[in-house]
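*Asks:* I have a structure I would like to understand better, so I am pasting it below and will then ask my questions one at a time.
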Amino acid sequence: MAPRLQLEKAAWRWVEMVKPEEIRREHIELAYRVNVPACKRGACRRNCKGNPNCLVGIGEQAWLGEIDENAFHNIDDPNSERRDKNTFVGLTNLGATCYVNTFLQVWFHNLELRRSLYLCQNSRAQEHNVDSDYEPQSICEHLQYLFALLQNSNRRYIDPSGLVKALGLDTGQQQDAQEFSKLFLSLLEETLSKQKSPSLQNVIQQQFCGQFSYVTVCNQCGRASPLLSRFYELELNIQGHKNLTECVTEFLKEEKLDGDNRYFCESCQSKQSATRRIRLHSLPPTLNLQLMRFVFDRQSGHKKKLNTFISFPEQLDMGPFLDGKPDQKCVYELSAVLIHRGVSAYSGHYIAHVKDACTSDWYKFNDEEIEKMEGKKLQLGIEEDIAETVKSQTRKPKCSKGYHCSRNAYMLVYKVQQEESSDSSRTKVEVPAFLQKLVDRDNHKFEEWCSEMADMRKQSVDKGKAKHEEVKELYELLPAKDGQLYEFIPLEWLKKWLDDSIATKEIDNSLFLCSHGKLHPDKVGEAKRVSLRAAQLLYQRYGGGPRLDGSSLCNECVGQRCRVLRLKNQLNEDYREVTTLLKRPLSDGGFWVGKASLRSWRQLALEQLEEDEHETKHSNGQTNGQGPHTASKFGSELPEGTEEEMKTFNEDILCSHGGLSILEAERKLVSSEVWTKLRVYFPKAPEFTQNQEPCPQCLMLEQEEKDNEAISKMMALDQKNQLLNLFQEKNRPTLTKWPQSTDVLYIVPLFFVDEWRKFIRCVSVKAAVLLVCNVVCLPLHSIALLWPSEWEVISRLFIVDQPISIHCSCQATPTGSTPQYSTQPELCWECREGFIFQQQRDLREYTQATIYIRKVIEDKTMIKEAGPEPNASSSEAEEEREEPPKMDGVKDPDFSQAADRNACRFTNNHLAFMKHQLGRAHVLQVVCVCVCVCILHSQGCFNCVLQIMHAFSVAPFDQNLSINGKCLTDDSATLGSLGVIPESIICLKPLNITPCDPPET
C-alpha cells in the first residue's frame, strides 16, 4: 500500500477541478478514502494508518490459528516453585546476603551440628499452638526452624529473613564473610552454653575447636614458655604460596625475636633473643581453613583481594603438622569449598560447593539455584571466572589427581575421615515433632498458594479461549465489502481489543467528531471502516458511541477543505498579480492597508489557510484573519517592532479605539482591484476607504499631548534656571565641612533630585516631578543638602510633605520647631564623629558581598634579579622594583582547580594596592589568580578560613592572613568587626614559606 502522505494527496487531488459548490457524494467518499483497496494479510509489514480499509497488523496475528494454552496467561506454573524429589532447598538472597546463605548451607550439611541443634530445648514451641500463633524469636529458634525447612520443606527455596533480622544484619550491605563466620560461631556457642544438657553445651567446641600453643624459647637459657590457646579455624596466609601445604608450613614456622622485638625471659630477668613457633596439639572433627584472600593494602588504605591460585587436596593428612598424640586421627576429607567471585574485597558474589554426607555427591549452592555435580566429583569450573579483568592474569597451574586449584576459594572445610559403616543412623537426622509441625504448617500454606495460582491460571486460560473464539468470529466479519453498509471504529480501540493484557473498554468516537457532529476528514486515518454486522456485535458486547456510519461523512468540512486547498493553489498566482498592481498608479479612489500587513499578507494568508485546513473538532473553520496568529509565525517579512502588535491582517492601522490610525506613514493606499483580491483571503479584515477620516479621539489626544509637552518644556526651563547649581551639582554643601556662611541646611531625598534631573533632560519621556516626599529617618547616603535660598525655590515650585532642616546639633528637625543654633561656624566635634561612625557602620553591615583572596610568596630568585645594578641610578632601580610580576603561565600546585570557575584576575589598581600593603622593599611572585569569595558581615573569620582552605588547599594552621597590614588572628570574631568590607583584598601567605613582614601603617 502507498504511504500515508500519498494516500492523503490522492484523496484530495480532485479539488483542482471541482469547486466547493460542485461537490458530490463521490467526491466526499474520495476525501474519506472509502473506496481505497483493502490490504491483504502478508502484504503489509504494519498497519496502514492512512487506509481505513486496512485491517492487517492490528494485533490479529496472536489470535489466528491454533494457540497454546500457555499463551493465555502471564502467571508462572506454581509447580516450578516446588522442590524436586531428592534435591536440596535453596535460600533467597535478600539483597547482599549471599555470604550468609553459603555458611548456612555448609552448617546445615554438618550432620552432627544439625542433630545437636534439633535437641536444643524449645519450651515456647512446645507450649504454644504451633498451628497458629508460634513464631521463632531467638537466634537458636530461628536456626532450628530454618534447618527443619531446609530438610523437609516442599518449597524449592525458602526465605531466611527471620534469622537475618534476628542477627541484625544489613541486607543491603555485604559484610566480611570470614568475620561473620567467627562472630556467628561465637554467638552460637554462647547460646548453646545455656542449655541444660552438657552434651549440647559443648557442641561448638566438640565440632570446630582445636588447640595449639605459642612456644617461645630463650636463646640464652633455653627456657621454653608455652601459651596454650584454642582456635575454631586456622587463618592461612596465601601470598607467595602455591599449595595448601606451604600455607600450613608457614603458619607453623619458627619466628625469630631479636633487636627491638626481643623477648623478656623470666629466668634471665632481662630481654633476650628468642624463637617462637606454633605447635598444634589437637584438631577438631571439622577443620575450617581460612585462606586470607582479603588483605590490607597500605598504599590505598583499603582491603584488596589476592587472586593467587592455591592447590588443595581432597584428602589432607595433618599428621606431619601435629605435635605428639600419634593416636589422634589426622586424615581429613574435603567436605566444602566456599567461593568468592569478583576482584574487589567489598563486592562480588559468594557460592558454596558442599559434599552430601549421605551420598558423597557434590552440589553447588548459589542462593536459590542448586546444581548437582556429575560423577560425584568437585567441579569448580566456571566459578574460577572472575567478574572483572585482572591486570595480571596468570595461567591456571596443572593439578594432579586428587587435587583442586582455585583462585577464588576463601574457605576450605575438611572433615575427619570416618571408617565405612553400614549403620544408616549415623547419616540420618530426624526432625523433632514440634519443628515438623512448623514445617507442615508452612507446607500447607505453600500448597494453598499453589492451588490458588493454579485456579488463576485456569481462569486465564478459560478467558483466553473465549477471547480466541470471539476474535476468530468477529475478525472474519470486520472487512466491509463494496456496496455494503459500514461504520467507523477507532484503530486504537481495535488494537486494545486484540491485546489480551489490556482490559477492553467501551468504544469512544467522541475524539473523531468535527464541529458539525460528524466524522472529521483528518481523523479518518485513525479509524477503520468495518462492516455493519461486525459493528453491531462490537457495540452490543462493549457499548459506547456515538456510532459513525456512512451518513456521518461531513459535507461542510469537505467543502471547507476544498475551498482552502483551492485558495492555497491560487495564492502564488494572486501574490504575483497583487505585486504587479501595486506598482501601477491609482486612477480612482482606493483603500487603506497597513504597510506591515501588505509586506506579509502572503505569509498571513498561508498560515490562515493552514490553520483552517488543520482545524480541530471544536473549531468552526475560522478564516477572515480571525485565527489565533502570533507574531512568531509571521517570519522575517514583518518590520521590527510590528511582530508583537499585529496579530491579524490590516490590524496594524487600527487605533486603540477601533478606528483608523492617525499615523499615515504606517499605511498605504491600494486600488480597489488589489483590495478585492485581499478580501478573498481575509473577509473580516478591517476596511477603510480613501475618504475615511482618522479616529477623532486619537486626533484630540495627539493635540493634548503636544500642548502638555510645550507646557512641560516651559516648566523644565524655568526650574533649571532657578536651580541651576542643583542641576549641575555645583557649589553643594556637605556635612563634613559645614558652610561658614549659614547655620542651617535643608534635606531632600536624593531620589527626588535624580528624578527631577531626568525630567529636565528629557521632557518628552519623563513626567514632571510635583511632590517632595521627605522622610525624617533617611540614611545619610540617600539625602541631598540644599541652601536656604534653594529650599525657598523648592518650596515654591513643588509640594513638600514635611520640610526638614539640619542644624549644628545634627538633629533633623521639622521646620517650625525651636532650632538649636551653634556658635561654632564649623560642625561640632561630637556630631562630626557621629556621622563618621555611622558611615563606617554602614560599610560593615552587608550581605552577599565579594572579597578577594590573594596567595603570594616571597621569591628569593626574583629579589635577586630585581635588585638594581651598581651603575644604575636610584630612580631606575626604584622603577625596576615597582614593576609588577608577570602572572601568565605561573601555576600553583596547591591551588584547587575546583575554584577556577570563581577566579578572576587582579586589576592594576588591585596590584598596586597589594604592593603597598606588602611592602615596596619586597618583590612578591604572584603564583595564582585571585579567588572571589562571597561573604556576610556576620560570618565568622573561621568560616572564611575554611573557604580559603578549599580554594587553595592550604590547611587553616598554615594560613597567615592579613588585611591593610593587620594580621587576622581572631577566628571567633566576625568579618565586619575585623574591618573586612566589600571589595577588600586579603593576602594569604602559607607558613611553610618565609613570610615578609607588612609595613607599619
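Chain labels A, B, ... are given in the sequence in which chains occur in the C-alpha cells; within each chain residues are numbered consecutively from 1, and ligands are likewise numbered from 1 in the order shown.
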Excluding Ala665 in chain A and any residue of its chain fewer than 6 positions from it, enumerate the residues within 12 Å of it, using only C-alpha atoms, and give them as a list in words.
*Replies:*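 The contact residues come out as Trp592, Val593, Gly594, Lys595, Ala596, Asp652 and Ile653 of chain A.
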*Asks:* Could you please take those selected residues and save all heavy atoms as a compact mmCIF listing (two decimals), in the first residue's frame?
*Replies:*
```
# COMPACT_ATOMS: atom_id res chain seq x y z
N TRP A 592 -7.24 51.89 2.39
CA TRP A 592 -6.05 51.96 3.23
C TRP A 592 -5.68 50.55 3.71
O TRP A 592 -6.51 49.82 4.23
CB TRP A 592 -6.27 52.86 4.44
CG TRP A 592 -6.38 54.33 4.12
CD1 TRP A 592 -7.50 55.11 4.20
CD2 TRP A 592 -5.32 55.17 3.67
NE1 TRP A 592 -7.22 56.40 3.83
CE2 TRP A 592 -5.87 56.47 3.50
CE3 TRP A 592 -3.98 54.98 3.38
CZ2 TRP A 592 -5.12 57.55 3.07
CZ3 TRP A 592 -3.23 56.06 2.97
CH2 TRP A 592 -3.79 57.31 2.81
N VAL A 593 -4.38 50.21 3.55
CA VAL A 593 -3.85 48.92 4.02
C VAL A 593 -2.55 49.19 4.78
O VAL A 593 -1.73 50.02 4.36
CB VAL A 593 -3.58 47.95 2.84
CG1 VAL A 593 -3.00 46.63 3.35
CG2 VAL A 593 -4.85 47.70 2.06
N GLY A 594 -2.37 48.52 5.90
CA GLY A 594 -1.14 48.67 6.68
C GLY A 594 0.07 48.20 5.89
O GLY A 594 0.02 47.18 5.19
N LYS A 595 1.16 48.95 5.98
CA LYS A 595 2.36 48.58 5.24
C LYS A 595 2.93 47.25 5.72
O LYS A 595 3.39 46.43 4.92
CB LYS A 595 3.41 49.67 5.37
CG LYS A 595 3.05 50.97 4.64
CD LYS A 595 4.17 52.00 4.75
CE LYS A 595 3.80 53.28 4.00
NZ LYS A 595 4.89 54.30 4.11
N ALA A 596 2.89 47.01 7.03
CA ALA A 596 3.38 45.74 7.55
C ALA A 596 2.51 44.59 7.06
O ALA A 596 3.02 43.52 6.68
CB ALA A 596 3.42 45.77 9.07
N ASP A 652 -2.67 46.47 11.93
CA ASP A 652 -1.62 47.42 12.27
C ASP A 652 -2.02 48.87 12.03
O ASP A 652 -1.29 49.77 12.44
CB ASP A 652 -0.35 47.10 11.49
CG ASP A 652 -0.61 46.91 10.01
OD1 ASP A 652 -1.72 46.49 9.66
OD2 ASP A 652 0.30 47.17 9.20
N ILE A 653 -3.15 49.13 11.34
CA ILE A 653 -3.60 50.53 11.16
C ILE A 653 -4.81 50.82 12.03
O ILE A 653 -5.45 51.87 11.86
CB ILE A 653 -3.91 50.82 9.67
CG1 ILE A 653 -5.07 49.94 9.16
CG2 ILE A 653 -2.68 50.64 8.81
CD1 ILE A 653 -5.53 50.32 7.77
```
*Asks:* Please, which residues of range 43-242 of chain A, numbered as in this document, come out helix (DSSP H, G or I) from DSSP, as a ChimeraX atom specification?
*Replies:* /A:60-62,69-72,78-81,98-108,111-118,123-127,139-152,161-167,177-192,198-201,203-208
*Asks:* If you run DSSP on the backbone here, which positions in range 269-489 of chain A get strand (DSSP E)? Please write them as JSON, numbers by chain.
*Replies:* {"A": [270, 271, 272, 274, 275, 276, 277, 278, 279, 280, 281, 282, 286, 287, 288, 289, 290, 291, 294, 295, 296, 297, 302, 303, 304, 305, 310, 311, 312, 313, 315, 316, 317, 331, 332, 333, 334, 335, 336, 337, 338, 339, 340, 341, 349, 350, 351, 352, 353, 354, 355, 362, 363, 364, 365, 366, 369, 370, 371, 372, 403, 404, 405, 406, 409, 410, 411, 412, 413, 414, 415, 416, 486, 487, 488, 489]}
*Asks:* At a cut-off of 12 Å, using only C-alpha atoms, what residues contact Leu163 in chain A? Leave out same-chain residues fewer than 5 positions from it and give the result as a PDB file with all heavy atoms, in the first residue's frame.
*Replies:*
```
ATOM      1  N   LEU A  91      18.208 -20.959  49.337  1.00  0.00           N
ATOM      2  CA  LEU A  91      17.928 -19.821  50.216  1.00  0.00           C
ATOM      3  C   LEU A  91      17.843 -18.553  49.381  1.00  0.00           C
ATOM      4  O   LEU A  91      18.659 -18.325  48.488  1.00  0.00           O
ATOM      5  CB  LEU A  91      19.032 -19.665  51.267  1.00  0.00           C
ATOM      6  CG  LEU A  91      19.122 -20.784  52.311  1.00  0.00           C
ATOM      7  CD1 LEU A  91      20.398 -20.648  53.125  1.00  0.00           C
ATOM      8  CD2 LEU A  91      17.913 -20.768  53.234  1.00  0.00           C
ATOM      9  N   LEU A  94      18.534 -11.841  49.949  1.00  0.00           N
ATOM     10  CA  LEU A  94      17.735 -10.680  50.363  1.00  0.00           C
ATOM     11  C   LEU A  94      18.325  -9.363  49.902  1.00  0.00           C
ATOM     12  O   LEU A  94      17.852  -8.302  50.308  1.00  0.00           O
ATOM     13  CB  LEU A  94      17.584 -10.679  51.891  1.00  0.00           C
ATOM     14  CG  LEU A  94      16.993 -11.954  52.498  1.00  0.00           C
ATOM     15  CD1 LEU A  94      16.949 -11.852  54.009  1.00  0.00           C
ATOM     16  CD2 LEU A  94      15.606 -12.235  51.934  1.00  0.00           C
ATOM     17  N   THR A  97      23.040 -10.829  50.834  1.00  0.00           N
ATOM     18  CA  THR A  97      23.165 -11.840  51.892  1.00  0.00           C
ATOM     19  C   THR A  97      23.638 -13.170  51.350  1.00  0.00           C
ATOM     20  O   THR A  97      23.397 -14.205  51.969  1.00  0.00           O
ATOM     21  CB  THR A  97      21.814 -12.017  52.609  1.00  0.00           C
ATOM     22  OG1 THR A  97      20.818 -12.408  51.647  1.00  0.00           O
ATOM     23  CG2 THR A  97      21.387 -10.748  53.293  1.00  0.00           C
ATOM     24  N   VAL A 100      25.836 -15.054  53.781  1.00  0.00           N
ATOM     25  CA  VAL A 100      25.119 -15.739  54.850  1.00  0.00           C
ATOM     26  C   VAL A 100      24.593 -17.074  54.341  1.00  0.00           C
ATOM     27  O   VAL A 100      24.680 -18.107  55.035  1.00  0.00           O
ATOM     28  CB  VAL A 100      23.973 -14.860  55.385  1.00  0.00           C
ATOM     29  CG1 VAL A 100      23.214 -15.572  56.491  1.00  0.00           C
ATOM     30  CG2 VAL A 100      24.509 -13.537  55.894  1.00  0.00           C
ATOM     31  N   ASN A 101      24.051 -17.089  53.124  1.00  0.00           N
ATOM     32  CA  ASN A 101      23.480 -18.318  52.573  1.00  0.00           C
ATOM     33  C   ASN A 101      24.535 -19.411  52.419  1.00  0.00           C
ATOM     34  O   ASN A 101      24.248 -20.595  52.641  1.00  0.00           O
ATOM     35  CB  ASN A 101      22.822 -18.018  51.223  1.00  0.00           C
ATOM     36  CG  ASN A 101      21.613 -17.111  51.354  1.00  0.00           C
ATOM     37  OD1 ASN A 101      21.068 -16.947  52.443  1.00  0.00           O
ATOM     38  ND2 ASN A 101      21.196 -16.513  50.262  1.00  0.00           N
ATOM     39  N   LEU A 104      25.235 -20.929  55.870  1.00  0.00           N
ATOM     40  CA  LEU A 104      24.090 -21.699  56.351  1.00  0.00           C
ATOM     41  C   LEU A 104      24.017 -23.059  55.677  1.00  0.00           C
ATOM     42  O   LEU A 104      23.701 -24.065  56.316  1.00  0.00           O
ATOM     43  CB  LEU A 104      22.795 -20.909  56.111  1.00  0.00           C
ATOM     44  CG  LEU A 104      22.585 -19.671  56.981  1.00  0.00           C
ATOM     45  CD1 LEU A 104      21.316 -18.950  56.582  1.00  0.00           C
ATOM     46  CD2 LEU A 104      22.536 -20.046  58.466  1.00  0.00           C
ATOM     47  N   GLU A 135       5.870 -18.094  66.586  1.00  0.00           N
ATOM     48  CA  GLU A 135       6.878 -17.552  65.683  1.00  0.00           C
ATOM     49  C   GLU A 135       8.220 -17.595  66.391  1.00  0.00           C
ATOM     50  O   GLU A 135       8.316 -17.222  67.559  1.00  0.00           O
ATOM     51  CB  GLU A 135       6.548 -16.110  65.279  1.00  0.00           C
ATOM     52  CG  GLU A 135       5.352 -15.967  64.373  1.00  0.00           C
ATOM     53  CD  GLU A 135       5.588 -16.578  62.989  1.00  0.00           C
ATOM     54  OE1 GLU A 135       6.764 -16.743  62.605  1.00  0.00           O
ATOM     55  OE2 GLU A 135       4.593 -16.893  62.322  1.00  0.00           O
ATOM     56  N   PRO A 136       9.298 -18.042  65.724  1.00  0.00           N
ATOM     57  CA  PRO A 136      10.619 -18.073  66.375  1.00  0.00           C
ATOM     58  C   PRO A 136      11.066 -16.670  66.767  1.00  0.00           C
ATOM     59  O   PRO A 136      10.754 -15.691  66.096  1.00  0.00           O
ATOM     60  CB  PRO A 136      11.528 -18.672  65.303  1.00  0.00           C
ATOM     61  CG  PRO A 136      10.622 -19.340  64.336  1.00  0.00           C
ATOM     62  CD  PRO A 136       9.343 -18.576  64.363  1.00  0.00           C
ATOM     63  N   GLN A 137      11.831 -16.600  67.880  1.00  0.00           N
ATOM     64  CA  GLN A 137      12.321 -15.309  68.360  1.00  0.00           C
ATOM     65  C   GLN A 137      13.835 -15.289  68.502  1.00  0.00           C
ATOM     66  O   GLN A 137      14.502 -14.429  67.937  1.00  0.00           O
ATOM     67  CB  GLN A 137      11.660 -14.957  69.704  1.00  0.00           C
ATOM     68  CG  GLN A 137      10.177 -14.659  69.596  1.00  0.00           C
ATOM     69  CD  GLN A 137       9.584 -14.223  70.922  1.00  0.00           C
ATOM     70  OE1 GLN A 137      10.278 -14.190  71.944  1.00  0.00           O
ATOM     71  NE2 GLN A 137       8.301 -13.909  70.924  1.00  0.00           N
ATOM     72  N   SER A 138      14.383 -16.235  69.273  1.00  0.00           N
ATOM     73  CA  SER A 138      15.825 -16.233  69.493  1.00  0.00           C
ATOM     74  C   SER A 138      16.559 -16.749  68.259  1.00  0.00           C
ATOM     75  O   SER A 138      15.967 -17.334  67.349  1.00  0.00           O
ATOM     76  CB  SER A 138      16.169 -17.097  70.710  1.00  0.00           C
ATOM     77  OG  SER A 138      15.877 -18.468  70.429  1.00  0.00           O
ATOM     78  N   ILE A 139      17.880 -16.531  68.244  1.00  0.00           N
ATOM     79  CA  ILE A 139      18.696 -16.976  67.116  1.00  0.00           C
ATOM     80  C   ILE A 139      18.660 -18.494  67.005  1.00  0.00           C
ATOM     81  O   ILE A 139      18.573 -19.059  65.908  1.00  0.00           O
ATOM     82  CB  ILE A 139      20.133 -16.460  67.286  1.00  0.00           C
ATOM     83  CG1 ILE A 139      20.153 -14.930  67.212  1.00  0.00           C
ATOM     84  CG2 ILE A 139      21.053 -17.055  66.234  1.00  0.00           C
ATOM     85  CD1 ILE A 139      21.515 -14.326  67.463  1.00  0.00           C
ATOM     86  N   CYS A 140      18.712 -19.170  68.156  1.00  0.00           N
ATOM     87  CA  CYS A 140      18.679 -20.634  68.148  1.00  0.00           C
ATOM     88  C   CYS A 140      17.365 -21.150  67.587  1.00  0.00           C
ATOM     89  O   CYS A 140      17.344 -22.109  66.807  1.00  0.00           O
ATOM     90  CB  CYS A 140      18.910 -21.149  69.566  1.00  0.00           C
ATOM     91  SG  CYS A 140      19.061 -22.950  69.679  1.00  0.00           S
ATOM     92  N   GLU A 141      16.250 -20.521  67.964  1.00  0.00           N
ATOM     93  CA  GLU A 141      14.947 -20.936  67.452  1.00  0.00           C
ATOM     94  C   GLU A 141      14.851 -20.716  65.944  1.00  0.00           C
ATOM     95  O   GLU A 141      14.325 -21.565  65.206  1.00  0.00           O
ATOM     96  CB  GLU A 141      13.839 -20.158  68.178  1.00  0.00           C
ATOM     97  CG  GLU A 141      13.690 -20.533  69.638  1.00  0.00           C
ATOM     98  CD  GLU A 141      12.660 -19.664  70.336  1.00  0.00           C
ATOM     99  OE1 GLU A 141      12.059 -18.794  69.657  1.00  0.00           O
ATOM    100  OE2 GLU A 141      12.458 -19.835  71.549  1.00  0.00           O
ATOM    101  N   HIS A 142      15.350 -19.581  65.468  1.00  0.00           N
ATOM    102  CA  HIS A 142      15.330 -19.322  64.028  1.00  0.00           C
ATOM    103  C   HIS A 142      16.185 -20.333  63.270  1.00  0.00           C
ATOM    104  O   HIS A 142      15.796 -20.804  62.197  1.00  0.00           O
ATOM    105  CB  HIS A 142      15.837 -17.901  63.757  1.00  0.00           C
ATOM    106  CG  HIS A 142      14.805 -16.842  63.927  1.00  0.00           C
ATOM    107  ND1 HIS A 142      13.753 -16.666  63.056  1.00  0.00           N
ATOM    108  CD2 HIS A 142      14.642 -15.902  64.903  1.00  0.00           C
ATOM    109  CE1 HIS A 142      13.012 -15.653  63.447  1.00  0.00           C
ATOM    110  NE2 HIS A 142      13.522 -15.169  64.577  1.00  0.00           N
ATOM    111  N   LEU A 143      17.345 -20.671  63.835  1.00  0.00           N
ATOM    112  CA  LEU A 143      18.228 -21.622  63.157  1.00  0.00           C
ATOM    113  C   LEU A 143      17.614 -23.020  63.142  1.00  0.00           C
ATOM    114  O   LEU A 143      17.726 -23.743  62.148  1.00  0.00           O
ATOM    115  CB  LEU A 143      19.587 -21.631  63.849  1.00  0.00           C
ATOM    116  CG  LEU A 143      20.754 -22.225  63.055  1.00  0.00           C
ATOM    117  CD1 LEU A 143      20.929 -21.491  61.733  1.00  0.00           C
ATOM    118  CD2 LEU A 143      22.041 -22.178  63.858  1.00  0.00           C
ATOM    119  N   GLN A 144      16.954 -23.412  64.237  1.00  0.00           N
ATOM    120  CA  GLN A 144      16.243 -24.700  64.273  1.00  0.00           C
ATOM    121  C   GLN A 144      15.190 -24.761  63.174  1.00  0.00           C
ATOM    122  O   GLN A 144      15.123 -25.734  62.398  1.00  0.00           O
ATOM    123  CB  GLN A 144      15.573 -24.884  65.633  1.00  0.00           C
ATOM    124  CG  GLN A 144      16.462 -25.375  66.737  1.00  0.00           C
ATOM    125  CD  GLN A 144      15.678 -25.598  68.016  1.00  0.00           C
ATOM    126  OE1 GLN A 144      14.676 -24.913  68.279  1.00  0.00           O
ATOM    127  NE2 GLN A 144      16.112 -26.552  68.821  1.00  0.00           N
ATOM    128  N   TYR A 145      14.375 -23.724  63.112  1.00  0.00           N
ATOM    129  CA  TYR A 145      13.278 -23.695  62.139  1.00  0.00           C
ATOM    130  C   TYR A 145      13.815 -23.668  60.715  1.00  0.00           C
ATOM    131  O   TYR A 145      13.297 -24.335  59.811  1.00  0.00           O
ATOM    132  CB  TYR A 145      12.404 -22.484  62.429  1.00  0.00           C
ATOM    133  CG  TYR A 145      11.178 -22.363  61.541  1.00  0.00           C
ATOM    134  CD1 TYR A 145      10.440 -23.484  61.181  1.00  0.00           C
ATOM    135  CD2 TYR A 145      10.762 -21.126  61.065  1.00  0.00           C
ATOM    136  CE1 TYR A 145       9.306 -23.375  60.384  1.00  0.00           C
ATOM    137  CE2 TYR A 145       9.643 -21.013  60.261  1.00  0.00           C
ATOM    138  CZ  TYR A 145       8.919 -22.141  59.917  1.00  0.00           C
ATOM    139  OH  TYR A 145       7.822 -22.035  59.107  1.00  0.00           O
ATOM    140  N   LEU A 146      14.896 -22.916  60.500  1.00  0.00           N
ATOM    141  CA  LEU A 146      15.469 -22.829  59.159  1.00  0.00           C
ATOM    142  C   LEU A 146      16.034 -24.170  58.708  1.00  0.00           C
ATOM    143  O   LEU A 146      15.818 -24.600  57.566  1.00  0.00           O
ATOM    144  CB  LEU A 146      16.562 -21.757  59.144  1.00  0.00           C
ATOM    145  CG  LEU A 146      17.194 -21.447  57.782  1.00  0.00           C
ATOM    146  CD1 LEU A 146      16.177 -20.806  56.852  1.00  0.00           C
ATOM    147  CD2 LEU A 146      18.391 -20.533  57.942  1.00  0.00           C
ATOM    148  N   PHE A 147      16.737 -24.878  59.603  1.00  0.00           N
ATOM    149  CA  PHE A 147      17.290 -26.184  59.247  1.00  0.00           C
ATOM    150  C   PHE A 147      16.174 -27.193  58.980  1.00  0.00           C
ATOM    151  O   PHE A 147      16.286 -28.037  58.076  1.00  0.00           O
ATOM    152  CB  PHE A 147      18.202 -26.689  60.365  1.00  0.00           C
ATOM    153  CG  PHE A 147      19.582 -26.097  60.317  1.00  0.00           C
ATOM    154  CD1 PHE A 147      19.897 -25.095  59.410  1.00  0.00           C
ATOM    155  CD2 PHE A 147      20.586 -26.531  61.178  1.00  0.00           C
ATOM    156  CE1 PHE A 147      21.166 -24.544  59.359  1.00  0.00           C
ATOM    157  CE2 PHE A 147      21.854 -25.989  61.132  1.00  0.00           C
ATOM    158  CZ  PHE A 147      22.145 -24.990  60.224  1.00  0.00           C
ATOM    159  N   ILE A 158      13.641 -21.180  50.304  1.00  0.00           N
ATOM    160  CA  ILE A 158      12.953 -20.568  51.436  1.00  0.00           C
ATOM    161  C   ILE A 158      13.596 -19.223  51.742  1.00  0.00           C
ATOM    162  O   ILE A 158      14.695 -18.909  51.284  1.00  0.00           O
ATOM    163  CB  ILE A 158      12.983 -21.476  52.688  1.00  0.00           C
ATOM    164  CG1 ILE A 158      14.430 -21.764  53.091  1.00  0.00           C
ATOM    165  CG2 ILE A 158      12.219 -22.759  52.447  1.00  0.00           C
ATOM    166  CD1 ILE A 158      14.549 -22.573  54.356  1.00  0.00           C
ATOM    167  N   GLY A 168      20.475  -9.033  63.146  1.00  0.00           N
ATOM    168  CA  GLY A 168      20.687  -7.597  62.999  1.00  0.00           C
ATOM    169  C   GLY A 168      21.562  -7.236  61.821  1.00  0.00           C
ATOM    170  O   GLY A 168      22.287  -6.230  61.876  1.00  0.00           O
ATOM    171  N   LEU A 169      21.515  -8.024  60.742  1.00  0.00           N
ATOM    172  CA  LEU A 169      22.354  -7.771  59.577  1.00  0.00           C
ATOM    173  C   LEU A 169      21.683  -6.796  58.624  1.00  0.00           C
ATOM    174  O   LEU A 169      20.451  -6.789  58.499  1.00  0.00           O
ATOM    175  CB  LEU A 169      22.650  -9.089  58.838  1.00  0.00           C
ATOM    176  CG  LEU A 169      23.407 -10.152  59.642  1.00  0.00           C
ATOM    177  CD1 LEU A 169      23.557 -11.423  58.818  1.00  0.00           C
ATOM    178  CD2 LEU A 169      24.780  -9.644  60.064  1.00  0.00           C
ATOM    179  N   THR A 171      20.743  -6.021  55.067  1.00  0.00           N
ATOM    180  CA  THR A 171      20.594  -6.815  53.844  1.00  0.00           C
ATOM    181  C   THR A 171      21.103  -6.093  52.609  1.00  0.00           C
ATOM    182  O   THR A 171      21.283  -6.722  51.569  1.00  0.00           O
ATOM    183  CB  THR A 171      19.116  -7.183  53.628  1.00  0.00           C
ATOM    184  OG1 THR A 171      18.341  -5.981  53.527  1.00  0.00           O
ATOM    185  CG2 THR A 171      18.591  -8.018  54.776  1.00  0.00           C
ATOM    186  N   PHE A 184      29.461 -15.487  64.256  1.00  0.00           N
ATOM    187  CA  PHE A 184      28.270 -16.325  64.367  1.00  0.00           C
ATOM    188  C   PHE A 184      28.565 -17.583  65.184  1.00  0.00           C
ATOM    189  O   PHE A 184      27.739 -18.003  66.011  1.00  0.00           O
ATOM    190  CB  PHE A 184      27.761 -16.710  62.974  1.00  0.00           C
ATOM    191  CG  PHE A 184      26.443 -17.434  63.008  1.00  0.00           C
ATOM    192  CD1 PHE A 184      25.266 -16.733  63.172  1.00  0.00           C
ATOM    193  CD2 PHE A 184      26.375 -18.815  62.907  1.00  0.00           C
ATOM    194  CE1 PHE A 184      24.051 -17.384  63.208  1.00  0.00           C
ATOM    195  CE2 PHE A 184      25.165 -19.475  62.940  1.00  0.00           C
ATOM    196  CZ  PHE A 184      23.996 -18.755  63.097  1.00  0.00           C
TER     197      PHE A 184
END
```
*Asks:* Quick one: residues within 8 Å of Thr308 in chain A, only C-alpha atoms, excluding same-chain residues fewer than 5 positions away - as a PyMOL selection string?
*Replies:* chain A and resi 238-239+242+407
*Asks:* Please determine, counting only C-alpha atoms, which residue among A:Gln697, A:Arg576, A:Thr648, A:Val954 has the shortest atom-to-atom distance to Lys684 in chain A.
*Replies:*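 Once distances to Lys684 in chain A are computed over only C-alpha atoms, the minimum belongs to A:Thr648.
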*Asks:* Using only C-alpha atoms, determine which residues lie at most 10 Å from Ala767 in chain A, disregarding the query and same-chain residues fewer than 6 positions distant; provide the list as a list in words.
*Replies:*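 The contact residues come out as Glu709, Ser712, Glu755, Trp756, Lys758, Phe759 and Ile760 of chain A.
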*Asks:* If we count only C-alpha atoms, what is near Asp482 in chain A at a cut-off of 12 Å, once residues fewer than 2 positions away on the same chain are taken out, given as a ChimeraX atom specification?
*Replies:* /A:34-38,53,479-480,484-486,529-531
*Asks:* Between A:Gln174, A:Ser805, A:Ser225, A:Ser406, which residue has the minimum interatomic distance to Asn243 in chain A, considering only C-alpha atoms?
*Replies:*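 Closest candidate: A:Ser406.
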*Asks:* For Ser311 in chain A, find every residue with an atom within 10 Å (counting only C-alpha atoms), except residues of its own chain fewer than 2 positions away, and show them as a ChimeraX atom specification.
*Replies:* /A:241-246,308-309,313,397-400,403-407,409
*Asks:* Between CA of Lys966 in chain A and CA of Val933 in chain A, what is the spacing in Å?
*Replies:*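 So the two atoms, CA of Val933 in chain A and CA of Lys966 in chain A, lie 19.4 Å apart.
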*Asks:* To one decimal in Å, tell me the separation between CA of Val89 in chain A and CA of Leu334 in chain A.
*Replies:*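 Straight-line distance from CA of Val89 in chain A to CA of Leu334 in chain A works out to 21.9 Å.
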